[in-house]
Every structure is written in structure tokens, then in C-alpha cells.
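Colleague: Got a file for you: target_25.cif, mmCIF, C-alpha atoms.
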data_data
loop_
_atom_site.label_atom_id
_atom_site.label_comp_id
_atom_site.auth_asym_id
_atom_site.auth_seq_id
_atom_site.Cartn_x
_atom_site.Cartn_y
_atom_site.Cartn_z
CA MET A 1241 -30.00 13.88 5.50
CA THR A 1242 -29.70 17.04 7.61
CA SER A 1243 -27.26 15.33 9.96
CA TYR A 1244 -24.93 14.29 7.12
CA PRO A 1245 -22.69 17.43 7.31
CA VAL A 1246 -22.26 16.85 11.05
CA PHE A 1247 -21.41 13.21 10.34
CA VAL A 1248 -18.74 14.30 7.81
CA LEU A 1249 -17.23 16.80 10.25
CA LYS A 1250 -16.99 14.14 12.97
CA ARG A 1251 -15.31 11.71 10.60
CA PHE A 1252 -12.91 14.42 9.45
CA GLY A 1253 -11.99 15.16 13.05
CA GLN A 1254 -11.30 11.46 13.60
CA PHE A 1255 -9.18 11.45 10.42
CA LEU A 1256 -7.03 14.34 11.68
CA LEU A 1257 -6.67 12.71 15.10
CA VAL A 1258 -5.55 9.37 13.62
CA VAL A 1259 -2.99 11.06 11.38
CA PHE A 1260 -1.67 13.18 14.25
CA LEU A 1261 -1.32 10.28 16.68
CA GLY A 1262 0.15 7.93 14.07
CA ILE A 1263 2.81 10.35 12.88
CA SER A 1264 3.61 11.39 16.45
CA ALA A 1265 4.12 7.78 17.52
CA THR A 1266 6.40 7.20 14.53
CA PHE A 1267 8.43 10.32 15.38
CA PHE A 1268 9.16 9.23 18.94
CA ILE A 1269 9.86 5.62 17.99
CA THR A 1270 12.39 6.62 15.33
CA HIS A 1271 14.07 9.18 17.61
CA LEU A 1272 14.50 6.60 20.36
CA THR A 1273 16.65 4.36 18.17
CA PRO A 1274 20.32 4.09 19.24
CA ILE A 1275 21.58 5.25 15.82
CA ASP A 1276 22.76 8.88 15.75
CA PRO A 1277 22.70 10.04 12.10
CA VAL A 1278 24.97 13.00 12.81
CA GLU A 1279 27.68 10.82 14.35
CA GLU A 1280 27.27 8.36 11.49
CA SER A 1281 27.89 11.19 9.01
CA ILE A 1282 30.84 12.52 11.02
CA GLY A 1283 32.37 9.05 11.18
CA ALA A 1284 32.07 8.65 7.41
CA ILE A 1285 33.75 12.03 6.86
CA GLN A 1286 36.58 11.22 9.27
CA GLN A 1287 37.26 8.00 7.42
CA MET A 1288 37.93 10.10 4.34
CA GLY A 1289 40.71 11.99 6.14
CA GLN A 1290 39.00 14.94 7.88
CA SER A 1291 40.30 15.00 11.48
CA ASP A 1292 40.54 18.69 12.49
CA PRO A 1293 38.60 18.79 15.82
CA ARG A 1294 37.31 22.34 15.25
CA ALA A 1295 36.12 21.58 11.74
CA VAL A 1296 34.48 18.38 12.96
CA GLU A 1297 32.68 20.22 15.77
CA LEU A 1298 31.45 22.94 13.40
CA MET A 1299 30.23 20.28 11.04
CA ARG A 1300 28.48 18.46 13.88
CA GLN A 1301 26.61 21.64 14.87
CA SER A 1302 25.69 22.38 11.25
CA LEU A 1303 24.37 18.87 10.69
CA ARG A 1304 22.29 18.92 13.88
CA GLU A 1305 20.72 22.20 12.84
CA LEU A 1306 20.13 20.96 9.30
CA TYR A 1307 18.60 17.66 10.45
CA GLY A 1308 16.41 19.38 13.05
CA LEU A 1309 18.13 17.62 15.97
CA GLU A 1310 18.90 20.65 18.12
CA GLY A 1311 17.34 21.03 21.55
CA SER A 1312 15.26 18.54 23.52
CA ILE A 1313 13.13 15.82 22.00
CA TRP A 1314 10.04 18.03 22.46
CA GLN A 1315 11.68 20.96 20.69
CA GLN A 1316 12.62 18.62 17.84
CA TYR A 1317 9.02 17.36 17.80
CA LEU A 1318 7.57 20.86 17.46
CA HIS A 1319 10.18 21.73 14.83
CA PHE A 1320 9.23 18.59 12.90
CA TRP A 1321 5.53 19.50 12.81
CA GLY A 1322 6.41 23.04 11.77
CA ARG A 1323 8.36 21.74 8.78
CA LEU A 1324 5.76 19.09 7.97
CA ALA A 1325 3.02 21.74 7.85
CA THR A 1326 4.92 23.43 5.01
CA GLY A 1327 5.56 20.16 3.19
CA ASP A 1328 9.25 20.13 4.12
CA LEU A 1329 10.40 16.65 5.19
CA GLY A 1330 14.02 17.75 5.45
CA PRO A 1331 17.08 16.22 3.81
CA SER A 1332 17.72 12.49 3.70
CA LEU A 1333 20.33 11.47 6.25
CA SER A 1334 21.70 8.66 4.07
CA ALA A 1335 21.55 10.50 0.75
CA PHE A 1336 22.45 13.99 1.94
CA PRO A 1337 21.63 16.62 0.71
CA THR A 1338 18.81 15.13 -1.37
CA PRO A 1339 15.40 16.11 0.10
CA VAL A 1340 13.28 13.29 1.46
CA SER A 1341 10.36 14.47 -0.69
CA ALA A 1342 12.47 14.08 -3.85
CA ILE A 1343 13.49 10.51 -2.93
CA ILE A 1344 9.89 9.54 -2.18
CA ALA A 1345 8.68 11.17 -5.40
CA ARG A 1346 11.06 8.97 -7.42
CA ALA A 1347 9.95 5.72 -5.77
CA LEU A 1348 6.23 6.39 -5.27
CA PRO A 1349 5.07 6.00 -8.92
CA TRP A 1350 6.59 2.50 -9.07
CA THR A 1351 4.67 1.31 -6.03
CA ILE A 1352 1.44 3.07 -7.01
CA GLY A 1353 1.54 1.51 -10.45
CA LEU A 1354 2.35 -1.98 -9.19
CA MET A 1355 -0.08 -2.01 -6.26
CA THR A 1356 -2.99 -0.25 -7.95
CA VAL A 1357 -3.05 -2.61 -10.91
CA SER A 1358 -2.49 -5.67 -8.70
CA VAL A 1359 -5.19 -4.73 -6.20
CA ILE A 1360 -7.78 -3.94 -8.88
CA ILE A 1361 -7.11 -7.17 -10.79
CA THR A 1362 -7.18 -9.16 -7.54
CA PHE A 1363 -10.42 -7.49 -6.47
CA LEU A 1364 -12.19 -8.07 -9.80
CA LEU A 1365 -10.96 -11.64 -10.17
CA GLY A 1366 -11.72 -12.66 -6.58
CA SER A 1367 -15.13 -10.96 -6.54
CA MET A 1368 -16.17 -12.48 -9.87
CA ILE A 1369 -15.14 -16.04 -8.95
CA GLY A 1370 -16.60 -15.65 -5.45
CA ALA A 1371 -19.95 -14.47 -6.81
CA LEU A 1372 -20.14 -17.32 -9.32
CA THR A 1373 -19.09 -19.90 -6.74
CA GLY A 1374 -21.59 -18.63 -4.17
CA TYR A 1375 -24.49 -18.71 -6.62
CA TYR A 1376 -23.68 -21.80 -8.70
CA ARG A 1377 -22.84 -23.96 -5.71
CA ASN A 1378 -22.95 -27.27 -7.58
CA SER A 1379 -20.41 -26.35 -10.27
CA MET A 1380 -17.35 -28.60 -9.92
CA ILE A 1381 -15.23 -26.35 -12.15
CA LEU A 1382 -15.89 -23.31 -9.97
CA LYS A 1383 -15.20 -25.33 -6.84
CA ALA A 1384 -11.84 -26.46 -8.26
CA VAL A 1385 -10.84 -22.94 -9.27
CA SER A 1386 -11.85 -21.60 -5.85
CA LEU A 1387 -9.88 -24.32 -4.11
CA VAL A 1388 -6.72 -23.36 -6.02
CA PHE A 1389 -6.91 -19.69 -5.02
CA ILE A 1390 -7.93 -20.43 -1.43
CA ALA A 1391 -5.04 -22.88 -1.09
CA MET A 1392 -2.59 -20.20 -2.25
CA GLN A 1393 -3.89 -17.57 0.16
CA PRO A 1394 -1.90 -18.73 3.25
CA ILE A 1395 1.35 -18.94 1.25
CA PRO A 1396 3.72 -16.10 2.24
CA TYR A 1397 4.41 -13.60 -0.55
CA TYR A 1398 8.12 -14.29 -0.58
CA ILE A 1399 7.66 -18.08 -0.95
CA LEU A 1400 5.46 -17.68 -3.99
CA ALA A 1401 7.79 -14.98 -5.31
CA PHE A 1402 10.78 -17.34 -5.11
CA VAL A 1403 8.76 -20.06 -6.86
CA LEU A 1404 7.93 -17.64 -9.69
CA ILE A 1405 11.57 -16.57 -9.94
CA ILE A 1406 12.75 -20.17 -10.22
CA LEU A 1407 10.01 -21.06 -12.70
CA PHE A 1408 10.13 -18.04 -15.03
CA GLY A 1409 13.69 -16.90 -14.40
CA TYR A 1410 15.63 -20.17 -14.55
CA ILE A 1411 13.54 -23.18 -15.62
CA TRP A 1412 11.65 -21.21 -18.28
CA PRO A 1413 13.55 -17.89 -18.51
CA ILE A 1414 11.08 -15.67 -20.31
CA LEU A 1415 10.62 -12.84 -17.77
CA PRO A 1416 13.05 -10.53 -15.91
CA ILE A 1417 13.37 -11.29 -12.21
CA ASN A 1418 15.02 -8.16 -10.82
CA GLY A 1419 14.62 -4.38 -10.99
CA GLY A 1420 12.03 -2.17 -12.65
CA TYR A 1421 13.76 -1.90 -16.04
CA GLU A 1422 16.88 -3.06 -17.83
CA MET A 1423 20.23 -1.60 -16.86
CA ASN A 1424 21.46 1.37 -18.93
CA THR A 1425 17.96 1.95 -20.29
CA SER A 1426 17.10 5.55 -21.14
CA LEU A 1427 14.24 6.74 -18.92
CA GLU A 1428 12.82 9.01 -21.59
CA LEU A 1429 9.18 8.13 -22.23
CA SER A 1430 8.92 5.74 -25.14
CA PHE A 1431 7.07 2.58 -26.18
CA THR A 1432 10.22 0.53 -25.56
CA LEU A 1433 10.55 1.85 -21.99
CA VAL A 1434 6.85 1.22 -21.21
CA LEU A 1435 7.11 -2.33 -22.54
CA ASP A 1436 10.27 -2.94 -20.50
CA ILE A 1437 8.62 -1.67 -17.31
CA LEU A 1438 5.56 -3.85 -17.92
CA ARG A 1439 7.74 -6.95 -18.40
CA HIS A 1440 9.59 -6.28 -15.14
CA SER A 1441 6.31 -5.79 -13.24
CA ILE A 1442 4.66 -9.05 -14.33
CA LEU A 1443 6.24 -11.34 -11.74
CA PRO A 1444 5.84 -8.97 -8.74
CA ALA A 1445 2.21 -8.32 -9.73
CA LEU A 1446 1.53 -12.01 -10.33
CA SER A 1447 2.80 -12.93 -6.86
CA LEU A 1448 0.46 -10.37 -5.28
CA ILE A 1449 -2.51 -11.43 -7.41
CA LEU A 1450 -2.16 -15.16 -6.80
CA VAL A 1451 -1.87 -14.75 -3.03
CA GLY A 1452 -4.47 -11.99 -2.65
CA THR A 1453 -7.32 -13.29 -4.80
CA GLY A 1454 -8.36 -15.91 -2.24
CA SER A 1455 -9.36 -13.39 0.43
CA TRP A 1456 -11.63 -11.45 -1.97
CA LEU A 1457 -13.08 -14.74 -3.22
CA ILE A 1458 -13.92 -15.98 0.28
CA GLY A 1459 -15.50 -12.66 1.27
CA MET A 1460 -17.63 -12.41 -1.86
CA ARG A 1461 -18.70 -16.05 -1.68
CA ALA A 1462 -19.86 -15.61 1.93
CA LEU A 1463 -21.82 -12.46 1.05
CA VAL A 1464 -23.51 -14.11 -1.93
CA SER A 1465 -24.33 -17.21 0.11
CA ASN A 1466 -26.23 -15.01 2.57
CA ILE A 1467 -27.99 -12.90 -0.06
CA ILE A 1468 -29.35 -15.84 -2.09
CA THR A 1469 -31.57 -16.77 0.87
CA GLU A 1470 -33.24 -13.34 0.89
CA ASP A 1471 -36.92 -13.23 -0.06
CA TYR A 1472 -36.46 -10.98 -3.09
CA VAL A 1473 -33.96 -13.44 -4.60
CA VAL A 1474 -36.23 -16.43 -3.92
CA PHE A 1475 -39.22 -14.62 -5.45
CA ALA A 1476 -37.17 -13.66 -8.50
CA GLU A 1477 -36.17 -17.28 -9.03
CA LEU A 1478 -39.77 -18.46 -8.60
CA GLY A 1479 -40.88 -15.77 -11.04
CA GLY A 1480 -38.67 -17.16 -13.76
CA VAL A 1481 -36.13 -14.32 -13.86
CA PRO A 1482 -32.98 -15.52 -15.71
CA LYS A 1483 -30.21 -16.66 -13.38
CA ARG A 1484 -27.66 -14.34 -14.98
CA ARG A 1485 -29.89 -11.34 -14.34
CA ILE A 1486 -30.54 -12.44 -10.76
CA LEU A 1487 -26.80 -12.80 -10.14
CA ARG A 1488 -25.94 -9.50 -11.80
CA SER A 1489 -28.77 -7.23 -10.69
CA TYR A 1490 -30.07 -8.74 -7.46
CA ILE A 1491 -27.09 -10.40 -5.82
CA ALA A 1492 -23.77 -8.99 -7.06
CA ARG A 1493 -24.82 -5.33 -6.74
CA ASN A 1494 -25.75 -5.75 -3.07
CA ALA A 1495 -22.71 -7.88 -2.27
CA MET A 1496 -20.29 -5.38 -3.85
CA VAL A 1497 -20.94 -2.63 -1.28
CA PRO A 1498 -18.81 -4.13 1.52
CA GLN A 1499 -16.31 -5.33 -1.10
CA PHE A 1500 -15.81 -1.75 -2.32
CA THR A 1501 -15.10 -0.73 1.27
CA GLY A 1502 -12.25 -3.21 1.40
CA LEU A 1503 -11.04 -2.09 -2.04
CA ALA A 1504 -10.85 1.56 -0.97
CA MET A 1505 -8.83 0.66 2.12
CA SER A 1506 -6.51 -1.56 0.07
CA LEU A 1507 -5.85 1.28 -2.36
CA GLY A 1508 -5.32 3.70 0.53
CA ALA A 1509 -2.67 1.41 2.00
CA VAL A 1510 -1.10 1.20 -1.43
CA PHE A 1511 2.47 0.38 -0.39
CA ASN A 1512 1.97 -1.37 2.94
CA GLY A 1513 1.86 -4.79 1.33
CA THR A 1514 4.76 -4.44 -1.10
CA VAL A 1515 7.78 -4.42 1.19
CA ILE A 1516 8.65 -8.12 0.89
CA THR A 1517 7.64 -8.33 -2.76
CA GLU A 1518 9.78 -5.34 -3.75
CA ILE A 1519 12.78 -6.67 -1.84
CA VAL A 1520 12.56 -10.12 -3.43
CA PHE A 1521 12.29 -8.70 -6.95
CA GLY A 1522 14.55 -5.69 -6.35
CA TYR A 1523 11.69 -3.45 -7.44
CA PRO A 1524 12.50 0.30 -7.08
CA GLY A 1525 9.42 1.20 -5.04
CA ILE A 1526 8.48 2.55 -1.63
CA GLY A 1527 8.73 -0.80 0.20
CA ASN A 1528 12.32 -1.35 -0.89
CA LEU A 1529 13.12 2.26 -0.03
CA LEU A 1530 11.69 1.88 3.49
CA ILE A 1531 13.87 -1.13 4.33
CA SER A 1532 16.95 0.67 2.99
CA ALA A 1533 16.12 3.70 5.15
CA VAL A 1534 15.73 1.56 8.28
CA HIS A 1535 19.06 -0.19 7.71
CA ALA A 1536 20.79 3.16 7.12
CA GLY A 1537 19.26 4.76 10.24
CA ASP A 1538 17.73 7.44 7.99
CA TYR A 1539 14.78 8.30 10.20
CA SER A 1540 14.00 11.45 8.20
CA LEU A 1541 13.15 9.17 5.29
CA VAL A 1542 11.42 6.65 7.58
CA LEU A 1543 9.28 9.47 9.01
CA GLY A 1544 8.39 10.70 5.54
CA LEU A 1545 7.38 7.26 4.33
CA SER A 1546 5.45 6.50 7.52
CA ALA A 1547 3.60 9.82 7.35
CA LEU A 1548 2.62 9.05 3.76
CA SER A 1549 1.39 5.58 4.72
CA ILE A 1550 -0.59 6.76 7.74
CA ALA A 1551 -2.21 9.61 5.81
CA GLY A 1552 -3.08 7.29 2.92
CA VAL A 1553 -4.77 4.66 5.07
CA ALA A 1554 -6.59 7.25 7.19
CA ALA A 1555 -7.77 9.11 4.08
CA ALA A 1556 -9.10 5.87 2.58
CA VAL A 1557 -11.06 5.07 5.74
CA PHE A 1558 -12.41 8.63 5.87
CA ILE A 1559 -13.58 8.52 2.23
CA VAL A 1560 -15.22 5.13 2.72
CA ASP A 1561 -17.00 6.39 5.86
CA ILE A 1562 -18.46 9.50 4.23
CA LEU A 1563 -19.45 7.71 1.01
CA GLY A 1564 -21.06 4.78 2.83
CA PRO A 1565 -24.41 6.50 3.61
CA LEU A 1566 -24.59 7.80 0.03
CA ILE A 1567 -23.98 4.38 -1.53
CA ASP A 1568 -26.01 2.26 0.89
CA PRO A 1569 -29.14 3.94 2.34
CA ARG A 1570 -29.25 1.30 5.09
CA ILE A 1571 -26.30 3.02 6.80
CA LYS A 1572 -27.48 5.60 9.31
CA VAL A 1573 -25.57 8.79 10.13
CA GLU A 1574 -27.30 9.68 13.39
#
Spit out the file's structure as C-alpha cells when you get a sec.
Modeller:
Amino acid sequence: MTSYPVFVLKRFGQFLLVVFLGISATFFITHLTPIDPVEESIGAIQQMGQSDPRAVELMRQSLRELYGLEGSIWQQYLHFWGRLATGDLGPSLSAFPTPVSAIIARALPWTIGLMTVSVIITFLLGSMIGALTGYYRNSMILKAVSLVFIAMQPIPYYILAFVLIILFGYIWPILPINGGYEMNTSLELSFTLVLDILRHSILPALSLILVGTGSWLIGMRALVSNIITEDYVVFAELGGVPKRRILRSYIARNAMVPQFTGLAMSLGAVFNGTVITEIVFGYPGIGNLLISAVHAGDYSLVLGLSALSIAGVAAAVFIVDILGPLIDPRIKVE
């Protein structure tokens, strides 16, 4: 285990490199768009009656300085990293002068709550059904349940979301189909508010769970199907060990290691899969915010959201890498 610290340092260096390259690529892509946020702001101000050329020019210079758009693209790039190192993402171009960090902070809890719960439920449900299906291969009930989830896996999120909206919003209107809470609701923490938020999250979460369970199920079933042919499983069965114990202690524990790797990465990329779902349901999360920022040409906000996404995914991969040798002794660090 003497080489483990070196292994961690190498993985940490790779983590920093991935974050640096990912954020850098996002910076240049957003700054090459034809939309000029300063001119967009000036145009909006002029439409309100401000036409003094000197005042407009002074405002243009002030906005370029405030948005970090002075100088060449490389000077802007260095200025961006300088601000990012201090945690300053600058002001939003479409919601000026609100800081980008404040806008993200308002939307992030919604996406974290929705995605974390959905991913964990999907992981547990898919892994459990996959393990049972892989071990009890002759069960017709398990085969039917597996077939339902596998058949739903290729369905796009938005198709299933629209089906759920029609079913539970119009045919059987028992659940809200838009937003994160009722209009004019006080956001002070209370049981009523929590219940309202939970009701509004059921359909978005259900669409993610129904579509996502199939992939976990297929992966777990394949792992279990390979493990049940191992000698230690065969000997346990011949020795009269109860099937439930064999499944729980001999098969599921070994099959869960690669599944946990996928779970960690899914949680790290917590808002990457919610864009379409949040748009369809009007959910006030990060995915909805990202699309709004792209349409508004607010690349300060796009950069902030992209940096958060890149860092989250890279951090998840880094954590999985360094925990792998500790969880599974078969993984070598040399």
C-alpha cells in the first residue's frame, strides 16, 4: 500500500487537468458566439429612451469592464481565471447586477434534491430487480417486470414526461404538472411548503426513475449472471447454503462494486440529465436555468454552470478512482 499516496497524487493531478481543460474549452466556445452581451444591454437601454452618445459610450465602457470583456480574448481569459480563483463568477448579463453565484445558489438545491433522490431510487430499484432476475432466472414474474423497465429505457425523457403530464394532469388530475411549488406560496420553511414541493417533484422524479431503472437493471443482471458461475457460488449451492444468503452475501456484495462506481459518477453529474425534464415540467432547477442563459446570451451564467458541472463530474471520477483500491483489493495501484 506504499504506492497508494503516489496513486492519489496522480489522480488528483488528472482531476485538476480535466477541470482546467474543460472550463477553458467552455470559456472559448462561449466567447466565440456572435452575441455581444454589452451591445444587447445597450440596445435594451436605448429602447427605454437613453440616446445621448456620450452617456451610451461611457456605459459601454463601464459594462465591458464590469463583465470582464476588456482587452484581447487572452486577457479576458486570464482575468476570468483570476476571478474564478477567488470564487467570483461575475454578474449575470441577463439579470444584471445579480451575481452569477447567487442565481446558481437559488437553483442548485432544486436540482440536487430532484436528481439525488431520483438517482438513488433508480439505482436501488434497478440493482435489486437486476440481482433477483440474474439469480432466479426461471421466474416469470421477474422476467415480466424486467421487460417493462427495459422496454421503457430507450424512451426519451420528454416523451415519457408528456405521457405522465397527460395521464396525471388531465385524464386523472391528481398531481401538479408545472413549477416547483404553487404560485404565491410563502417560501418560509413549513410542513405545508415541504409537502407542496414534494407533490411538484413527483412527476419529474417519476419520469427519471422509469426511464433510468432499465440501465441499472441490465448492468446488475449481467454482473450477477457472470458471478453465479464462479466456483465459490457453485460450492455454496452444493453445500446447502440458503439461496437468499448466497444472493445477499456471495453475489450481490461482489456485483455492487462496479454499480457503486456508476452511482458515484451519476451523483457527480447531478444536473447533466435534468435539462429536458426541468424544461418540460417548468422545474426551477439548474437545467432550466442553463437553457434560459443560452437563449439570453448570458455566457457568464453559462460559464458558471458549466464550471460547476465539469468540477462535479471530475470530482466524482476522482473520488471513485481513489476509493476503488480501498473497496476492492483486486484493483492494483502500481
Colleague: Using only C-alpha atoms, which residues sit within 10 Å of Ala1445 of chain A once same-chain residues fewer than 2 positions away are excluded, as a list in words?
Modeller: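 Skipping anything fewer than 2 positions along the chain leaves Gly1353, Leu1354, Met1355, Thr1356, Val1357, Ser1358, Val1359, Ile1361, Thr1362, Ala1401, Leu1438, His1440, Ser1441, Ile1442, Leu1443, Ser1447, Leu1448, Ile1449, Leu1450, Thr1514 and Thr1517 of chain A.
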Colleague: How many Å separate atom CA of Asp1538 of chain A from atom CA of Gly1330 of chain A?
Modeller: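 So the two atoms, atom CA of Asp1538 of chain A and atom CA of Gly1330 of chain A, lie 11.2 Å apart.
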Colleague: Residues picked by the PyMOL selection byres ((chain A and resi 1461) around 10) here, as a PyMOL selection string?
Modeller: chain A and resi 1366-1375+1377+1386+1455-1460+1462-1467+1495
Colleague: Quick one: residues within 10 Å of Ile1269 of chain A, all atoms listed in the file counted, chain neighbours fewer than 6 positions away excluded, as a PyMOL selection string?
Modeller: chain A and resi 1263+1539+1543
Colleague: What separation in Å, quoted to one decimal, exists between atom CA of Pro1337 of chain A and atom CA of Leu1303 of chain A?
Modeller: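 Computing it gives 10.6 Å between the two atoms.
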Colleague: If we count only C-alpha atoms and set the cut-off at 8 Å, which residues sit around Phe1389 of chain A, ignoring sequence neighbours fewer than 5 positions away in its own chain? Please answer as a PyMOL selection string.
Modeller: chain A and resi 1450-1451+1453-1454
Colleague: Let's have the selection written as a compact mmCIF listing (two decimals), keeping the file's coordinate frame, with C-alpha atoms.
Modeller:
# COMPACT_ATOMS: atom_id res chain seq x y z
CA LEU A 1450 -2.16 -15.16 -6.80
CA VAL A 1451 -1.87 -14.75 -3.03
CA THR A 1453 -7.32 -13.29 -4.80
CA GLY A 1454 -8.36 -15.91 -2.24
Colleague: If the PyMOL selection byres ((chain A and resi 1557-1560) around 9) is run on the structure shown, which residues does it catch, given as a PDB file with C-alpha atoms, keeping the file's coordinate frame?
Modeller:
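Generated file (part-v1.pdb):
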ATOM      1  CA  VAL A1248     -18.740  14.300   7.810  1.00  0.00           C
ATOM      2  CA  ARG A1251     -15.310  11.710  10.600  1.00  0.00           C
ATOM      3  CA  PHE A1252     -12.910  14.420   9.450  1.00  0.00           C
ATOM      4  CA  GLN A1254     -11.300  11.460  13.600  1.00  0.00           C
ATOM      5  CA  PHE A1255      -9.180  11.450  10.420  1.00  0.00           C
ATOM      6  CA  PHE A1500     -15.810  -1.750  -2.320  1.00  0.00           C
ATOM      7  CA  THR A1501     -15.100  -0.730   1.270  1.00  0.00           C
ATOM      8  CA  GLY A1502     -12.250  -3.210   1.400  1.00  0.00           C
ATOM      9  CA  ALA A1504     -10.850   1.560  -0.970  1.00  0.00           C
ATOM     10  CA  MET A1505      -8.830   0.660   2.120  1.00  0.00           C
ATOM     11  CA  GLY A1508      -5.320   3.700   0.530  1.00  0.00           C
ATOM     12  CA  GLY A1552      -3.080   7.290   2.920  1.00  0.00           C
ATOM     13  CA  VAL A1553      -4.770   4.660   5.070  1.00  0.00           C
ATOM     14  CA  ALA A1554      -6.590   7.250   7.190  1.00  0.00           C
ATOM     15  CA  ALA A1555      -7.770   9.110   4.080  1.00  0.00           C
ATOM     16  CA  ALA A1556      -9.100   5.870   2.580  1.00  0.00           C
ATOM     17  CA  ASP A1561     -17.000   6.390   5.860  1.00  0.00           C
ATOM     18  CA  ILE A1562     -18.460   9.500   4.230  1.00  0.00           C
ATOM     19  CA  LEU A1563     -19.450   7.710   1.010  1.00  0.00           C
ATOM     20  CA  GLY A1564     -21.060   4.780   2.830  1.00  0.00           C
TER      21      GLY A1564
END
Colleague: So, with all atoms listed in the file as the atoms that count, which of A:Leu1433, A:Leu1333, A:Met1423, A:Val1259 lies closest to Ser1546 of chain A?
Modeller: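 Looking only at the distances to Ser1546 of chain A, the closest residue turns out to be A:Val1259.
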Colleague: Rounded to one decimal, what separation in Å do you get between atom CA of Arg1300 of chain A and atom CA of Thr1266 of chain A?
Modeller: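 So the answer is 24.8 Å.
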Colleague: If you apply the PyMOL selection byres ((chain A and resi 1327-1329) around 9) to this file, what residues do you get, as an mmCIF file with C-alpha atoms, keeping the file's coordinate frame?
Modeller:
data_model
loop_
_atom_site.group_PDB
_atom_site.id
_atom_site.type_symbol
_atom_site.label_atom_id
_atom_site.label_comp_id
_atom_site.auth_asym_id
_atom_site.auth_seq_id
_atom_site.Cartn_x
_atom_site.Cartn_y
_atom_site.Cartn_z
ATOM 1 C CA PHE A 1320 9.230 18.590 12.900
ATOM 2 C CA GLY A 1322 6.410 23.040 11.770
ATOM 3 C CA ARG A 1323 8.360 21.740 8.780
ATOM 4 C CA LEU A 1324 5.760 19.090 7.970
ATOM 5 C CA ALA A 1325 3.020 21.740 7.850
ATOM 6 C CA THR A 1326 4.920 23.430 5.010
ATOM 7 C CA GLY A 1330 14.020 17.750 5.450
ATOM 8 C CA PRO A 1331 17.080 16.220 3.810
ATOM 9 C CA SER A 1332 17.720 12.490 3.700
ATOM 10 C CA PRO A 1339 15.400 16.110 0.100
ATOM 11 C CA VAL A 1340 13.280 13.290 1.460
ATOM 12 C CA SER A 1341 10.360 14.470 -0.690
ATOM 13 C CA SER A 1540 14.000 11.450 8.200
ATOM 14 C CA LEU A 1541 13.150 9.170 5.290
ATOM 15 C CA LEU A 1543 9.280 9.470 9.010
ATOM 16 C CA GLY A 1544 8.390 10.700 5.540
#
Colleague: Env of Pro1524 of chain A: 10 Å cut, atoms = only C-alpha atoms, seq-sep filter 5 positions within chain, self excluded. Answer as a list of chain:residue names.
Modeller: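 Contacts, in chain order: A:Arg1346, A:Ala1347, A:Leu1348, A:Pro1349, A:Trp1350, A:Thr1351, A:Asn1418, A:Gly1419, A:Gly1420, A:Tyr1421, A:Glu1518, A:Ile1519, A:Leu1529.
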Colleague: Since the input has fewer atoms than a full residue there, write segment 1377-1382 of chain A out with all heavy atoms, as a PDB file, keeping the file's coordinate frame.
Modeller:
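Contents of part-v8.pdb, freshly written:
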ATOM      1  N   ARG A1377     -23.530 -23.184  -6.733  1.00  0.00           N
ATOM      2  CA  ARG A1377     -22.840 -23.960  -5.710  1.00  0.00           C
ATOM      3  C   ARG A1377     -22.544 -25.404  -6.113  1.00  0.00           C
ATOM      4  O   ARG A1377     -21.742 -26.066  -5.470  1.00  0.00           O
ATOM      5  CB  ARG A1377     -23.665 -23.944  -4.418  1.00  0.00           C
ATOM      6  CG  ARG A1377     -23.645 -22.609  -3.703  1.00  0.00           C
ATOM      7  CD  ARG A1377     -24.594 -22.574  -2.539  1.00  0.00           C
ATOM      8  NE  ARG A1377     -25.992 -22.544  -2.993  1.00  0.00           N
ATOM      9  CZ  ARG A1377     -27.040 -22.476  -2.171  1.00  0.00           C
ATOM     10  NH1 ARG A1377     -26.835 -22.461  -0.859  1.00  0.00           N
ATOM     11  NH2 ARG A1377     -28.269 -22.446  -2.644  1.00  0.00           N
ATOM     12  N   ASN A1378     -23.158 -25.883  -7.171  1.00  0.00           N
ATOM     13  CA  ASN A1378     -22.950 -27.270  -7.580  1.00  0.00           C
ATOM     14  C   ASN A1378     -21.947 -27.412  -8.732  1.00  0.00           C
ATOM     15  O   ASN A1378     -21.732 -28.525  -9.220  1.00  0.00           O
ATOM     16  CB  ASN A1378     -24.288 -27.900  -7.997  1.00  0.00           C
ATOM     17  CG  ASN A1378     -25.269 -27.985  -6.840  1.00  0.00           C
ATOM     18  OD1 ASN A1378     -24.865 -28.243  -5.703  1.00  0.00           O
ATOM     19  ND2 ASN A1378     -26.550 -27.763  -7.118  1.00  0.00           N
ATOM     20  N   SER A1379     -21.360 -26.304  -9.150  1.00  0.00           N
ATOM     21  CA  SER A1379     -20.410 -26.350 -10.270  1.00  0.00           C
ATOM     22  C   SER A1379     -19.059 -26.880  -9.780  1.00  0.00           C
ATOM     23  O   SER A1379     -18.402 -26.257  -8.943  1.00  0.00           O
ATOM     24  CB  SER A1379     -20.231 -24.958 -10.879  1.00  0.00           C
ATOM     25  OG  SER A1379     -19.190 -24.963 -11.836  1.00  0.00           O
ATOM     26  N   MET A1380     -18.619 -27.996 -10.318  1.00  0.00           N
ATOM     27  CA  MET A1380     -17.350 -28.600  -9.920  1.00  0.00           C
ATOM     28  C   MET A1380     -16.161 -27.784 -10.421  1.00  0.00           C
ATOM     29  O   MET A1380     -15.122 -27.706  -9.764  1.00  0.00           O
ATOM     30  CB  MET A1380     -17.257 -30.032 -10.461  1.00  0.00           C
ATOM     31  CG  MET A1380     -18.326 -30.973  -9.910  1.00  0.00           C
ATOM     32  SD  MET A1380     -18.303 -31.056  -8.096  1.00  0.00           S
ATOM     33  CE  MET A1380     -16.690 -31.769  -7.821  1.00  0.00           C
ATOM     34  N   ILE A1381     -16.323 -27.171 -11.599  1.00  0.00           N
ATOM     35  CA  ILE A1381     -15.230 -26.350 -12.150  1.00  0.00           C
ATOM     36  C   ILE A1381     -14.972 -25.142 -11.243  1.00  0.00           C
ATOM     37  O   ILE A1381     -13.823 -24.832 -10.904  1.00  0.00           O
ATOM     38  CB  ILE A1381     -15.564 -25.893 -13.579  1.00  0.00           C
ATOM     39  CG1 ILE A1381     -15.663 -27.101 -14.512  1.00  0.00           C
ATOM     40  CG2 ILE A1381     -14.515 -24.902 -14.085  1.00  0.00           C
ATOM     41  CD1 ILE A1381     -16.069 -26.750 -15.932  1.00  0.00           C
ATOM     42  N   LEU A1382     -16.043 -24.468 -10.847  1.00  0.00           N
ATOM     43  CA  LEU A1382     -15.890 -23.310  -9.970  1.00  0.00           C
ATOM     44  C   LEU A1382     -15.326 -23.715  -8.614  1.00  0.00           C
ATOM     45  O   LEU A1382     -14.516 -22.981  -8.023  1.00  0.00           O
ATOM     46  CB  LEU A1382     -17.234 -22.606  -9.797  1.00  0.00           C
ATOM     47  CG  LEU A1382     -17.763 -21.870 -11.035  1.00  0.00           C
ATOM     48  CD1 LEU A1382     -19.175 -21.372 -10.796  1.00  0.00           C
ATOM     49  CD2 LEU A1382     -16.840 -20.709 -11.391  1.00  0.00           C
TER      50      LEU A1382
END
